[in-house]
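S.K.: Sharing upload.cif (mmCIF, C-alpha atoms) below.
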data_work
#
loop_
_atom_site.label_atom_id
_atom_site.label_comp_id
_atom_site.auth_asym_id
_atom_site.auth_seq_id
_atom_site.Cartn_x
_atom_site.Cartn_y
_atom_site.Cartn_z
CA MET Y 1 -38.87 180.18 70.53
CA ILE Y 2 -41.72 181.75 68.55
CA ILE Y 3 -44.11 179.08 67.28
CA ARG Y 4 -45.35 179.61 63.72
CA LEU Y 5 -48.49 178.14 62.21
CA GLY Y 6 -47.85 176.99 58.64
CA LYS Y 7 -50.05 175.75 55.82
CA THR Y 8 -49.14 172.12 56.48
CA SER Y 9 -50.30 172.16 60.12
CA ILE Y 10 -53.48 174.04 59.16
CA HIS Y 11 -54.23 171.41 56.50
CA LEU Y 12 -53.53 168.59 58.98
CA ILE Y 13 -55.86 169.92 61.66
CA GLU Y 14 -58.68 170.71 59.22
CA ARG Y 15 -58.45 167.21 57.80
CA PHE Y 16 -58.42 165.78 61.34
CA ILE Y 17 -61.55 167.75 62.29
CA LEU Y 18 -63.49 166.72 59.17
CA GLU Y 19 -62.43 163.07 59.18
CA ALA Y 20 -61.92 162.14 62.84
CA LEU Y 21 -64.37 164.44 64.63
CA VAL Y 22 -67.18 165.41 62.23
CA GLY Y 23 -66.71 162.20 60.24
CA GLY Y 24 -66.75 160.09 63.41
CA ILE Y 25 -69.92 161.84 64.60
CA ARG Y 26 -71.58 161.21 61.23
CA ARG Y 27 -70.70 157.52 61.38
CA GLN Y 28 -72.12 157.19 64.88
CA ALA Y 29 -75.26 159.10 63.87
CA SER Y 30 -75.84 156.83 60.87
CA GLU Y 31 -75.75 153.79 63.17
CA SER Y 32 -77.88 155.11 66.04
CA LYS Y 33 -81.11 157.13 65.85
CA GLU Y 34 -80.79 158.06 69.53
CA TYR Y 35 -77.30 159.45 68.90
CA LEU Y 36 -78.60 161.41 65.90
CA ASP Y 37 -81.51 162.80 67.95
CA ASN Y 38 -79.14 163.90 70.72
CA ILE Y 39 -76.63 165.90 68.69
CA PRO Y 40 -77.14 169.37 67.20
CA GLY Y 41 -77.23 169.75 63.42
CA PHE Y 42 -74.09 171.88 63.28
CA LEU Y 43 -72.00 168.81 64.23
CA ILE Y 44 -73.42 166.97 61.21
CA SER Y 45 -73.24 169.88 58.76
CA PRO Y 46 -71.14 172.66 60.31
CA ARG Y 47 -71.37 175.97 58.52
CA ALA Y 48 -68.31 177.42 60.27
CA ILE Y 49 -65.53 175.94 62.38
CA SER Y 50 -63.20 178.09 64.45
CA VAL Y 51 -59.85 176.67 65.53
CA HIS Y 52 -57.87 178.28 68.35
CA TRP Y 53 -54.29 177.14 68.88
CA PHE Y 54 -52.71 177.25 72.33
CA LYS Y 55 -49.39 175.79 73.45
CA ASP Y 56 -51.02 172.84 75.20
CA HIS Y 57 -54.57 172.69 73.81
CA ILE Y 58 -56.54 173.13 70.66
CA ALA Y 59 -60.04 174.63 70.98
CA ILE Y 60 -62.57 173.79 68.25
CA SER Y 61 -65.95 175.54 68.10
CA TYR Y 62 -68.79 174.92 65.67
CA ASP Y 63 -71.57 177.04 64.27
CA GLY Y 64 -74.54 176.38 62.02
CA ASP Y 65 -78.16 175.27 62.09
CA GLU Y 66 -78.98 173.31 65.24
CA GLY Y 67 -81.80 171.44 63.48
CA ALA Y 68 -80.11 170.54 60.16
CA LYS Y 69 -79.32 166.83 60.43
CA MET Y 70 -78.86 165.67 56.84
CA LEU Y 71 -76.19 162.96 56.89
CA ASP Y 72 -75.81 163.05 53.11
CA SER Y 73 -75.11 166.80 52.99
CA ARG Y 74 -71.75 167.85 51.60
CA LEU Y 75 -69.15 168.99 54.10
CA ASN Y 76 -67.88 172.44 53.15
CA PRO Y 77 -67.48 174.53 56.31
CA THR Y 78 -65.60 177.81 56.51
CA PHE Y 79 -62.52 177.48 58.71
CA THR Y 80 -60.93 180.27 60.71
CA HIS Y 81 -57.72 179.91 62.70
CA ALA Y 82 -56.31 181.99 65.55
CA THR Y 83 -53.09 181.43 67.49
CA HIS Y 84 -52.53 182.16 71.17
CA PHE Y 85 -49.00 180.79 71.55
CA GLU Y 86 -47.86 183.96 73.30
CA GLN Y 87 -50.26 183.35 76.19
CA ASN Y 88 -48.97 181.88 79.40
CA GLY Y 89 -51.44 178.99 79.56
CA THR Y 90 -54.88 178.25 78.10
CA TYR Y 91 -57.78 180.64 78.69
CA PRO Y 92 -60.33 179.40 76.13
CA PHE Y 93 -63.35 181.67 76.65
CA SER Y 94 -61.40 184.92 76.31
CA ALA Y 95 -59.79 183.62 73.13
CA VAL Y 96 -62.87 182.13 71.47
CA LEU Y 97 -65.12 185.10 72.27
CA GLY Y 98 -62.46 187.72 71.61
CA LEU Y 99 -62.84 189.21 75.08
CA ASP Y 100 -60.48 190.31 77.81
CA LEU Y 101 -62.22 188.51 80.65
CA PRO Y 102 -61.17 188.91 84.26
CA ARG Y 103 -58.90 186.08 85.38
CA ALA Y 104 -58.79 184.17 88.61
CA GLU Y 105 -55.95 185.33 90.82
CA ASN Y 106 -53.69 182.95 92.76
CA GLU Y 107 -55.32 180.06 91.00
CA ASN Y 108 -55.87 176.89 92.93
CA PRO Y 109 -55.56 174.06 90.35
CA LEU Y 110 -58.30 172.03 92.02
CA GLN Y 111 -60.67 175.03 92.18
CA SER Y 112 -59.96 175.88 88.53
CA ARG Y 113 -60.73 172.30 87.50
CA MET Y 114 -63.95 172.30 89.55
CA ASN Y 115 -65.15 175.56 87.97
CA LEU Y 116 -64.47 174.29 84.45
CA GLY Y 117 -66.05 170.95 85.35
CA VAL Y 118 -69.25 172.64 86.51
CA ILE Y 119 -69.51 174.53 83.23
CA SER Y 120 -68.78 171.42 81.17
CA ILE Y 121 -71.04 168.96 82.98
CA SER Y 122 -74.03 171.33 83.21
CA ARG Y 123 -74.28 171.51 79.39
CA ARG Y 124 -75.80 174.98 79.73
CA GLY Y 125 -73.34 177.12 81.64
CA LEU Y 126 -74.19 180.66 82.76
CA LEU Y 127 -71.20 182.80 83.63
CA PHE Y 128 -71.86 186.27 85.07
CA CYS Y 129 -68.82 188.55 85.28
CA ASP Y 130 -68.72 191.44 87.77
CA GLY Y 131 -72.24 192.62 88.71
CA THR Y 132 -73.93 191.57 85.48
CA PHE Y 133 -76.39 189.18 87.13
CA SER Y 134 -77.81 191.77 89.54
CA GLU Y 135 -78.23 194.26 86.68
CA LEU Y 136 -80.06 191.72 84.49
CA ALA Y 137 -82.21 190.56 87.41
CA ASP Y 138 -83.19 194.19 88.07
CA ARG Y 139 -84.55 194.38 84.50
CA GLY Y 140 -86.60 191.19 84.90
CA TRP Y 141 -84.24 188.67 83.29
CA ARG Y 142 -85.63 185.17 83.89
CA MET Y 143 -83.27 182.54 85.29
CA GLU Y 144 -85.75 179.65 85.01
CA VAL Y 145 -85.51 179.53 81.21
CA THR Y 146 -81.88 178.44 81.43
CA ASP Y 147 -82.50 174.95 82.81
CA SER Y 148 -78.95 175.01 84.13
CA SER Y 149 -77.07 174.04 87.24
CA GLY Y 150 -73.86 175.50 85.81
CA VAL Y 151 -74.25 179.04 87.16
CA ILE Y 152 -71.23 181.00 88.37
CA LEU Y 153 -71.66 184.54 89.71
CA GLY Y 154 -68.69 186.89 89.71
CA TYR Y 155 -67.03 184.64 87.14
CA ARG Y 156 -63.29 184.89 86.54
CA GLU Y 157 -61.70 182.71 83.91
CA SER Y 158 -59.57 179.85 85.18
CA LEU Y 159 -56.41 178.42 83.66
CA VAL Y 160 -56.88 175.01 82.02
CA ALA Y 161 -54.42 172.42 83.29
CA LYS Y 162 -52.05 171.01 80.69
CA ASN Y 163 -53.64 167.59 80.21
CA ASP Y 164 -57.29 168.48 80.90
CA CYS Y 165 -59.90 167.85 78.20
CA PHE Y 166 -63.30 169.57 78.24
CA ASN Y 167 -66.43 169.87 76.16
CA PHE Y 168 -68.53 173.02 76.65
CA GLN Y 169 -72.07 173.35 75.30
CA ASN Y 170 -74.39 176.36 75.41
CA VAL Y 171 -72.11 178.53 77.48
CA PHE Y 172 -73.69 181.97 77.98
CA LEU Y 173 -71.20 184.50 79.28
CA PHE Y 174 -72.34 187.92 80.48
CA SER Y 175 -69.58 190.51 80.62
CA ARG Y 176 -69.02 194.26 80.43
CA THR Y 177 -68.29 196.16 77.25
CA TYR Y 178 -65.98 199.18 77.08
CA ASN Y 179 -68.94 201.48 77.90
CA GLN Y 180 -70.13 199.24 80.76
CA ASP Y 181 -73.08 197.67 78.92
CA VAL Y 182 -73.92 194.06 79.68
CA ALA Y 183 -72.89 192.00 76.66
CA THR Y 184 -74.22 188.49 76.06
CA ASN Y 185 -71.88 186.01 74.43
CA ARG Y 186 -72.73 182.43 73.51
CA ILE Y 187 -70.60 179.42 72.70
CA LYS Y 188 -72.76 176.73 71.11
CA TRP Y 189 -70.17 173.96 71.25
CA LEU Y 190 -66.49 173.96 72.14
CA ASP Y 191 -64.12 171.01 72.35
CA LEU Y 192 -60.92 171.75 74.25
CA ILE Y 193 -58.40 168.99 73.50
CA PRO Y 194 -54.85 168.65 74.88
CA TYR Y 195 -52.11 167.98 72.35
CA ASN Y 196 -48.38 167.98 71.94
CA LEU Y 197 -46.84 170.19 69.26
CA VAL Y 198 -43.52 169.18 67.74
CA VAL Y 199 -41.75 172.30 66.47
CA ASP Y 200 -38.79 172.38 64.06
CA ALA Y 201 -35.70 174.62 64.31
CA ASP Y 202 -37.51 177.46 62.52
CA GLY Y 203 -40.39 177.42 64.98
CA GLU Y 204 -42.86 175.89 62.52
CA ILE Y 205 -45.15 173.10 63.70
CA SER Y 206 -44.04 169.83 62.10
CA LYS Y 207 -46.20 167.34 64.03
CA ILE Y 208 -49.39 167.34 66.10
CA GLU Y 209 -49.81 164.51 68.62
CA MET Y 210 -53.17 163.62 70.24
CA SER Y 211 -54.49 160.59 72.06
CA PRO Y 212 -56.62 158.40 69.71
CA THR Y 213 -58.53 157.02 72.71
CA ARG Y 214 -59.39 160.54 73.81
CA ILE Y 215 -60.70 161.40 70.33
CA GLU Y 216 -62.88 158.27 70.32
CA ASN Y 217 -64.32 159.31 73.70
CA ILE Y 218 -65.06 162.82 72.40
CA VAL Y 219 -67.01 161.40 69.46
CA ARG Y 220 -68.85 158.88 71.62
CA LYS Y 221 -69.82 161.42 74.28
CA ALA Y 222 -71.01 163.98 71.70
CA GLY Y 223 -74.32 162.13 71.35
CA ALA Y 224 -74.50 160.46 74.74
CA ARG Y 225 -77.00 163.02 76.07
CA PRO Y 226 -79.47 165.39 74.36
CA TYR Y 227 -78.18 168.78 73.30
CA LEU Y 228 -80.17 171.21 75.43
CA ILE Y 229 -82.51 173.50 73.50
CA PRO Y 230 -85.56 175.18 75.13
CA THR Y 231 -88.58 173.25 73.88
CA SER Y 232 -91.61 174.15 76.00
CA TYR Y 233 -93.78 177.11 75.01
CA ARG Y 234 -92.93 178.96 78.21
CA GLN Y 235 -89.19 178.33 77.89
CA LEU Y 236 -89.14 179.53 74.29
CA LYS Y 237 -91.03 182.70 75.13
CA LEU Y 238 -88.97 183.44 78.24
CA ASP Y 239 -85.82 182.97 76.16
CA ILE Y 240 -87.09 185.75 73.85
CA VAL Y 241 -87.96 187.92 76.86
CA ASN Y 242 -84.38 187.56 78.07
CA LYS Y 243 -82.97 188.49 74.66
CA PHE Y 244 -85.27 191.55 74.64
CA ILE Y 245 -84.03 192.60 78.07
CA GLU Y 246 -80.42 192.16 77.01
CA LEU Y 247 -81.10 194.29 73.91
CA TRP Y 248 -82.81 197.28 75.52
CA GLY Y 249 -80.40 197.26 78.42
CA ARG Y 250 -77.48 198.29 76.21
CA LYS Y 251 -76.62 201.99 76.08
CA SER Y 252 -75.81 201.65 72.37
CA THR Y 253 -79.24 200.25 71.40
CA ARG Y 254 -81.39 202.51 69.22
CA GLU Y 255 -85.15 202.75 68.99
CA THR Y 256 -85.09 201.13 65.55
CA SER Y 257 -83.24 198.09 66.95
CA ILE Y 258 -85.97 197.65 69.56
CA THR Y 259 -88.86 197.94 67.09
CA ARG Y 260 -87.15 195.60 64.60
CA PHE Y 261 -86.83 193.03 67.37
CA VAL Y 262 -90.44 193.31 68.51
CA GLU Y 263 -91.94 193.12 65.01
CA LYS Y 264 -90.50 189.65 64.32
CA GLN Y 265 -93.20 187.00 64.09
CA ASP Y 266 -91.99 185.05 67.13
CA HIS Y 267 -91.53 188.23 69.18
CA LYS Y 268 -94.91 189.90 68.65
CA PHE Y 269 -96.23 188.43 71.89
CA LEU Y 270 -94.27 191.08 73.79
CA ILE Y 271 -96.93 193.54 72.60
CA THR Y 272 -99.97 191.32 72.07
CA MET Y 273 -99.79 189.88 75.59
CA ASN Y 274 -99.60 193.35 77.14
CA PHE Y 275 -102.40 194.96 75.13
CA GLY Y 276 -104.83 192.10 74.62
CA ALA Y 277 -104.15 192.35 70.91
CA LEU Y 278 -104.90 189.99 68.04
CA ASN Y 279 -102.16 191.33 65.81
CA ILE Y 280 -99.69 194.16 65.36
CA TYR Y 281 -98.80 196.15 62.23
CA PRO Y 282 -95.38 197.82 62.19
CA GLU Y 283 -94.67 201.19 60.58
CA LEU Y 284 -97.68 201.65 58.31
CA SER Y 285 -97.54 204.92 56.37
CA CYS Y 286 -100.54 207.20 56.80
CA PRO Y 287 -100.30 210.25 54.49
CA ARG Y 288 -101.91 213.61 55.17
CA LEU Y 289 -105.02 214.09 53.01
CA SER Y 290 -106.53 217.28 54.44
CA VAL Y 291 -105.75 220.36 56.48
CA ILE Y 292 -106.16 218.41 59.73
CA GLY Y 293 -103.21 216.42 61.06
CA GLU Y 294 -100.04 215.43 59.26
CA SER Y 295 -98.47 212.39 57.60
CA ILE Y 296 -97.60 209.85 60.27
CA ARG Y 297 -95.82 206.49 60.58
CA PRO Y 298 -96.32 205.05 64.09
CA ASP Y 299 -94.13 202.22 65.32
CA PHE Y 300 -97.09 199.84 65.72
CA PHE Y 301 -100.82 199.70 65.18
CA VAL Y 302 -102.21 197.22 67.69
CA GLN Y 303 -105.42 195.45 66.65
CA LYS Y 304 -107.80 194.72 69.52
CA ALA Y 305 -110.51 192.05 69.68
CA GLY Y 306 -113.12 194.53 68.47
CA GLU Y 307 -111.01 195.20 65.35
CA ASN Y 308 -110.27 198.81 66.29
CA CYS Y 309 -106.56 199.63 66.48
CA ASP Y 310 -104.60 201.56 69.07
CA ILE Y 311 -101.02 202.78 68.66
CA VAL Y 312 -97.80 201.81 70.48
CA GLU Y 313 -94.70 203.98 70.13
CA PHE Y 314 -91.29 202.92 71.46
CA LYS Y 315 -88.79 205.36 72.89
CA LEU Y 316 -85.51 204.56 74.62
CA PRO Y 317 -85.44 202.87 78.04
CA ARG Y 318 -82.88 205.34 79.34
CA THR Y 319 -84.37 208.78 79.89
CA PRO Y 320 -81.81 211.53 79.15
CA ARG Y 321 -82.97 213.79 81.98
CA ALA Y 322 -85.84 214.17 84.44
CA LEU Y 323 -89.35 213.90 82.95
CA VAL Y 324 -90.67 216.72 85.12
CA VAL Y 325 -88.98 220.10 85.59
CA GLY Y 326 -89.83 223.57 86.92
CA ARG Y 327 -90.38 225.27 90.24
CA LYS Y 328 -92.68 223.90 92.89
CA ASN Y 329 -95.84 225.62 91.62
CA GLN Y 330 -94.87 225.47 87.94
CA ARG Y 331 -94.05 221.81 87.41
CA ARG Y 332 -94.27 220.61 83.80
CA PHE Y 333 -92.97 217.93 81.49
CA ALA Y 334 -89.42 218.54 80.23
CA SER Y 335 -89.20 219.76 76.64
CA TRP Y 336 -87.72 216.49 75.36
CA PHE Y 337 -90.62 214.53 76.87
CA SER Y 338 -93.20 217.10 75.76
CA ALA Y 339 -92.04 216.33 72.20
CA TYR Y 340 -93.04 212.69 72.76
CA ILE Y 341 -96.45 213.78 74.01
CA ALA Y 342 -96.89 216.12 71.04
CA GLN Y 343 -96.02 213.30 68.64
CA SER Y 344 -98.58 211.02 70.32
CA GLU Y 345 -101.28 213.69 70.13
CA SER Y 346 -100.51 214.25 66.45
CA TYR Y 347 -101.37 210.58 65.88
CA ILE Y 348 -104.69 211.04 67.68
CA GLN Y 349 -105.44 214.22 65.78
CA HIS Y 350 -104.68 212.54 62.45
CA PHE Y 351 -107.56 210.09 62.93
CA GLN Y 352 -110.08 212.72 63.99
CA ASP Y 353 -110.45 213.32 60.25
CA CYS Y 354 -112.82 210.83 58.62
CA MET Y 355 -110.77 210.99 55.40
CA HIS Y 356 -107.78 209.61 57.26
CA ARG Y 357 -109.84 206.90 58.94
CA GLU Y 358 -111.22 205.80 55.58
CA ASP Y 359 -107.79 205.95 53.96
CA VAL Y 360 -106.09 203.70 56.54
CA LYS Y 361 -108.92 201.19 56.16
CA SER Y 362 -108.65 201.03 52.38
CA ARG Y 363 -104.86 201.29 52.31
CA HIS Y 364 -103.98 198.85 55.14
CA GLN Y 365 -107.28 197.05 55.88
CA ILE Y 366 -107.35 198.12 59.52
CA THR Y 367 -109.80 200.23 61.53
CA VAL Y 368 -108.46 203.20 63.51
CA ASP Y 369 -111.07 205.27 65.31
CA PHE Y 370 -109.97 207.64 68.13
CA PRO Y 371 -106.93 205.54 69.10
CA THR Y 372 -105.16 205.47 72.43
CA VAL Y 373 -101.42 206.01 72.05
CA THR Y 374 -99.14 204.16 74.47
CA LEU Y 375 -95.57 205.36 74.86
CA VAL Y 376 -93.09 202.69 75.96
CA VAL Y 377 -90.32 204.67 77.63
CA GLY Y 378 -87.96 204.61 80.60
CA ARG Y 379 -87.83 202.45 83.65
CA ARG Y 380 -90.46 201.92 86.32
CA SER Y 381 -88.92 204.49 88.65
CA ASP Y 382 -88.95 207.12 85.88
CA ILE Y 383 -92.66 207.17 85.11
CA ASN Y 384 -94.53 205.61 88.04
CA THR Y 385 -94.81 208.75 90.15
CA TYR Y 386 -97.84 210.72 91.28
CA GLU Y 387 -96.47 213.84 89.64
CA VAL Y 388 -96.10 212.17 86.23
CA ARG Y 389 -99.61 210.72 86.43
CA MET Y 390 -101.08 214.12 87.36
CA LEU Y 391 -99.41 215.88 84.42
CA LEU Y 392 -100.36 213.07 82.04
CA SER Y 393 -104.03 213.44 83.02
CA LYS Y 394 -104.00 216.66 80.96
CA HIS Y 395 -103.34 214.57 77.84
CA PRO Y 396 -106.28 212.17 77.43
CA GLY Y 397 -105.60 209.39 74.99
CA VAL Y 398 -101.87 209.15 75.85
CA ARG Y 399 -100.60 206.39 78.15
CA LEU Y 400 -97.15 205.59 79.51
CA ILE Y 401 -95.68 202.17 80.17
CA SER Y 402 -92.11 201.44 81.25
CA TYR Y 403 -89.91 198.70 79.84
CA ASP Y 404 -90.10 196.95 83.21
CA GLU Y 405 -93.91 196.88 82.99
CA LEU Y 406 -93.80 195.63 79.39
CA VAL Y 407 -91.61 192.71 80.48
CA ASP Y 408 -93.74 192.05 83.58
CA GLY Y 409 -96.91 191.99 81.49
CA ALA Y 410 -95.54 189.40 79.06
CA VAL Y 411 -94.10 187.21 81.81
CA ALA Y 412 -97.32 187.35 83.86
CA GLN Y 413 -99.29 186.03 80.87
CA LEU Y 414 -96.84 183.13 80.47
CA TYR Y 415 -97.49 182.04 84.05
CA MET Y 416 -101.30 182.25 83.93
#
Would you write out, as structure tokens, the structure that this file holds?
M.R.:
Amino acid sequence: MIIRLGKTSIHLIERFILEALVGGIRRQASESKEYLDNIPGFLISPRAISVHWFKDHIAISYDGDEGAKMLDSRLNPTFTHATHFEQNGTYPFSAVLGLDLPRAENENPLQSRMNLGVISISRRGLLFCDGTFSELADRGWRMEVTDSSGVILGYRESLVAKNDCFNFQNVFLFSRTYNQDVATNRIKWLDLIPYNLVVDADGEISKIEMSPTRIENIVRKAGARPYLIPTSYRQLKLDIVNKFIELWGRKSTRETSITRFVEKQDHKFLITMNFGALNIYPELSCPRLSVIGESIRPDFFVQKAGENCDIVEFKLPRTPRALVVGRKNQRRFASWFSAYIAQSESYIQHFQDCMHREDVKSRHQITVDFPTVTLVVGRRSDINTYEVRMLLSKHPGVRLISYDELVDGAVAQLYM
């Protein structure tokens, strides 16, 4: 029989979530400061609640501000519902994240329960499908920021047994996209609750049965331990480093996505720590005022301790072809890379004109006097060769740094 989800059952479950789950959490939080301190804000004032219906379980995930803990705030979350009645069993992560995750073959019920238990108990589960961990580690992804014992390499999703109940918090799942990029998916909070659906002759759900004792335990355990959020300076910064690595590692990422990420206030350290800078200034327009140079708009002006600014320009981490081409005695930079060098030298040339130096000072209140231009491009193996260094020596004022070295420089400063 085909099970149909009607308006009545949707209304019943939404009322149950708001009154029994969120309402129960609010009541506990109003009676205990420790409980309130332990839970994330989105359980008090959820902005969005997603409900996934399986034959034997209901999966409820929450989203919103982790720090918003106003008990008197009005409850008005946006609900979304999705049904998975056609599935043969419960596979929550694929359903909640909208992914087609690899599944465990010839599942051992005990092994499946152990895997799910590890993820649930750790309260910060890291699930790496296929070879995603080795690829991230190669880019400099930092495991120590995770503060997690719930790490599974080569993850394959396990079937949830009919009567099992789980709570998952801060599950980070690394999987492959259609073009083989590493995609990062996060579940902030997911309650997976067994239930019994009573279905009428037309296939519509007429009754939803759950254990009241189990619901009480879910509410009680929600605030039994602190919700894990990175709090130390190093953890917070390493968390950003990891997000940066995940971003530039995708084939679909554009240069503008990278610069927009780096220019955020909390992300500027990725540049300042590498270049000994006091501040960075993204995309300042510098018009042409004379016959020398041209109008320019570098990605970043980087202000050093002596107030003078250098320039940092981001290109893509994946080089389209070899940097160096030509016969043995006629080696040269490839035309696509020569264009990057020419752009960098146009920046240097622009500020050889005193009119341009005076204009940038009056227009943007920064000093730019014979700047060095650093190109962030490629991986370590692309640019750290003797041949590249020899050819680059013909272009004084232009430096190269790989994405690996940018990450290494920031991380090294965090461990000093």
S.K.: Report, in Å to a single decimal, how far apart CA of Ser134 in chain Y and CA of Arg176 in chain Y are.
M.R.: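 Going from CA of Arg176 in chain Y over to CA of Ser134 in chain Y covers 12.9 Å.
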S.K.: Between Y:Val22, Y:Val302, Y:Val96, Y:Ile58, which residue has the minimum interatomic distance to Pro46 in chain Y, considering all atoms listed in the file?
M.R.: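 The closest residue to Pro46 in chain Y is Y:Val22.
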S.K.: So how far away is CA of Lys188 in chain Y from CA of Ser61 in chain Y, in Å?
M.R.: 7.5 Å
S.K.: Can you spell out as a PyMOL selection string the set of residues that the PyMOL selection byres ((chain Y and resi 231-234) around 10) selects in the structure I just provided?
M.R.: chain Y and resi 144-145+228-230+235-240+411+413-415
S.K.: Which polymer residues, protein or nucleic acid, are no farther than 7 Å from (-78.1, 174.3, 65.1), counting only C-alpha atoms, as a compact mmCIF listing (two decimals) with C-alpha atoms, in the frame of the given file?
M.R.:
# COMPACT_ATOMS: atom_id res chain seq x y z
CA PRO Y 40 -77.14 169.37 67.20
CA GLY Y 41 -77.23 169.75 63.42
CA PHE Y 42 -74.09 171.88 63.28
CA GLY Y 64 -74.54 176.38 62.02
CA ASP Y 65 -78.16 175.27 62.09
CA GLU Y 66 -78.98 173.31 65.24
CA GLY Y 67 -81.80 171.44 63.48
CA ALA Y 68 -80.11 170.54 60.16
S.K.: Figure out the distance between CA of Glu283 in chain Y and CA of Phe261 in chain Y, please, to one decimal in Å.
M.R.: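 Separation between CA of Phe261 in chain Y and CA of Glu283 in chain Y: 13.2 Å.
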S.K.: Check what the PyMOL selection byres ((chain Y and resi 126) around 8) selects in the file above and give those residues as a list of chain:residue names.
M.R.: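 On the file shown, the PyMOL selection byres ((chain Y and resi 126) around 8) covers Y:Ile119, Y:Arg124, Y:Gly125, Y:Leu127, Y:Phe128, Y:Ser148, Y:Gly150, Y:Val151, Y:Ile152, Y:Val171, Y:Phe172, Y:Leu173, Y:Phe174.
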S.K.: Would you put the residues from that selection into a file with C-alpha atoms, as a PDB file, in the frame of the given file?
M.R.:
ATOM      1  CA  ILE Y 119     -69.510 174.530  83.230  1.00  0.00           C
ATOM      2  CA  ARG Y 124     -75.800 174.980  79.730  1.00  0.00           C
ATOM      3  CA  GLY Y 125     -73.340 177.120  81.640  1.00  0.00           C
ATOM      4  CA  LEU Y 127     -71.200 182.800  83.630  1.00  0.00           C
ATOM      5  CA  PHE Y 128     -71.860 186.270  85.070  1.00  0.00           C
ATOM      6  CA  SER Y 148     -78.950 175.010  84.130  1.00  0.00           C
ATOM      7  CA  GLY Y 150     -73.860 175.500  85.810  1.00  0.00           C
ATOM      8  CA  VAL Y 151     -74.250 179.040  87.160  1.00  0.00           C
ATOM      9  CA  ILE Y 152     -71.230 181.000  88.370  1.00  0.00           C
ATOM     10  CA  VAL Y 171     -72.110 178.530  77.480  1.00  0.00           C
ATOM     11  CA  PHE Y 172     -73.690 181.970  77.980  1.00  0.00           C
ATOM     12  CA  LEU Y 173     -71.200 184.500  79.280  1.00  0.00           C
ATOM     13  CA  PHE Y 174     -72.340 187.920  80.480  1.00  0.00           C
TER      14      PHE Y 174
END
S.K.: What does the PyMOL selection byres ((chain Y and resi 121) around 12) select in this file, as a tab-separated table (two decimals) with C-alpha atoms, in the frame of the given file?
M.R.:
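Listed below is the output, expr.tsv:
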chain	number	residue	atom	x	y	z
Y	113	ARG	CA	-60.73	172.30	87.50
Y	114	MET	CA	-63.95	172.30	89.55
Y	115	ASN	CA	-65.15	175.56	87.97
Y	116	LEU	CA	-64.47	174.29	84.45
Y	117	GLY	CA	-66.05	170.95	85.35
Y	118	VAL	CA	-69.25	172.64	86.51
Y	119	ILE	CA	-69.51	174.53	83.23
Y	120	SER	CA	-68.78	171.42	81.17
Y	122	SER	CA	-74.03	171.33	83.21
Y	123	ARG	CA	-74.28	171.51	79.39
Y	124	ARG	CA	-75.80	174.98	79.73
Y	125	GLY	CA	-73.34	177.12	81.64
Y	148	SER	CA	-78.95	175.01	84.13
Y	149	SER	CA	-77.07	174.04	87.24
Y	150	GLY	CA	-73.86	175.50	85.81
Y	151	VAL	CA	-74.25	179.04	87.16
Y	166	PHE	CA	-63.30	169.57	78.24
Y	167	ASN	CA	-66.43	169.87	76.16
Y	168	PHE	CA	-68.53	173.02	76.65
Y	169	GLN	CA	-72.07	173.35	75.30
Y	170	ASN	CA	-74.39	176.36	75.41
Y	171	VAL	CA	-72.11	178.53	77.48
Y	221	LYS	CA	-69.82	161.42	74.28
Y	225	ARG	CA	-77.00	163.02	76.07
S.K.: Y:Lys315, Y:Lys162, Y:Lys69, Y:Arg321: which is nearest Leu400 in chain Y, counting all atoms listed in the file?
M.R.: Y:Lys315
S.K.: Could you pull the residues within 8 Å of range 363-379 of chain Y, counting only C-alpha atoms, minus those fewer than 5 positions along the same chain, as a ChimeraX atom specification?
M.R.: /Y:284,303,307-319,344-345,347-348,351-352,357,397-404,406
S.K.: Report, as lines of an AutoDock Vina configuration file, the centre and edge lengths in Å (one decimal) of the axis-aligned box enclosing every listed atom of range 249-256 of chain Y, padded by 6 Å on each side.
M.R.:
center_x = -80.5
center_y = 200.0
center_z = 72.0
size_x = 21.3
size_y = 17.5
size_z = 24.9
S.K.: What's around range 2-8 of chain Y at 7 Å? Count all atoms listed in the file, leave out sequence neighbours fewer than 4 positions away in its own chain, and write the answer as a short mmCIF file (atom, residue, chain, number, x, y, z; two decimals) with C-alpha atoms, keeping the file's coordinate frame.
M.R.:
data_model
loop_
_atom_site.label_atom_id
_atom_site.label_comp_id
_atom_site.auth_asym_id
_atom_site.auth_seq_id
_atom_site.Cartn_x
_atom_site.Cartn_y
_atom_site.Cartn_z
CA LEU Y 12 -53.53 168.59 58.98
CA PHE Y 85 -49.00 180.79 71.55
CA GLY Y 203 -40.39 177.42 64.98
CA GLU Y 204 -42.86 175.89 62.52
CA ILE Y 205 -45.15 173.10 63.70
#
S.K.: Rank nothing, just name the residue among Y:Glu405, Y:Glu387, Y:Glu294, Y:Glu105 nearest to Asp353 in chain Y, using only C-alpha atoms.
M.R.: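 Nearest candidate to Asp353 in chain Y out of Y:Glu405, Y:Glu387, Y:Glu294, Y:Glu105: Y:Glu294.
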S.K.: Using only C-alpha atoms for the distances, tell me which of Y:Trp189, Y:Phe54, Y:Tyr386, Y:Trp248 is nearest to Val160 in chain Y.
M.R.: Y:Phe54
S.K.: Contacts of Arg214 in chain Y at 12 Å or less, counting all atoms listed in the file, minus same-chain residues fewer than 4 places along, as an MDAnalysis selection string?
M.R.: chainID Y and resid 20:21 163:167 191:195 209:210 218:221
S.K.: Please list, as a PyMOL selection string, the residues that have an atom at most 12 Å away from (-93.4, 220.2, 75.8) in the coordinates of this file, counting all atoms listed in the file.
M.R.: chain Y and resi 323-325+331-345+391-392+395
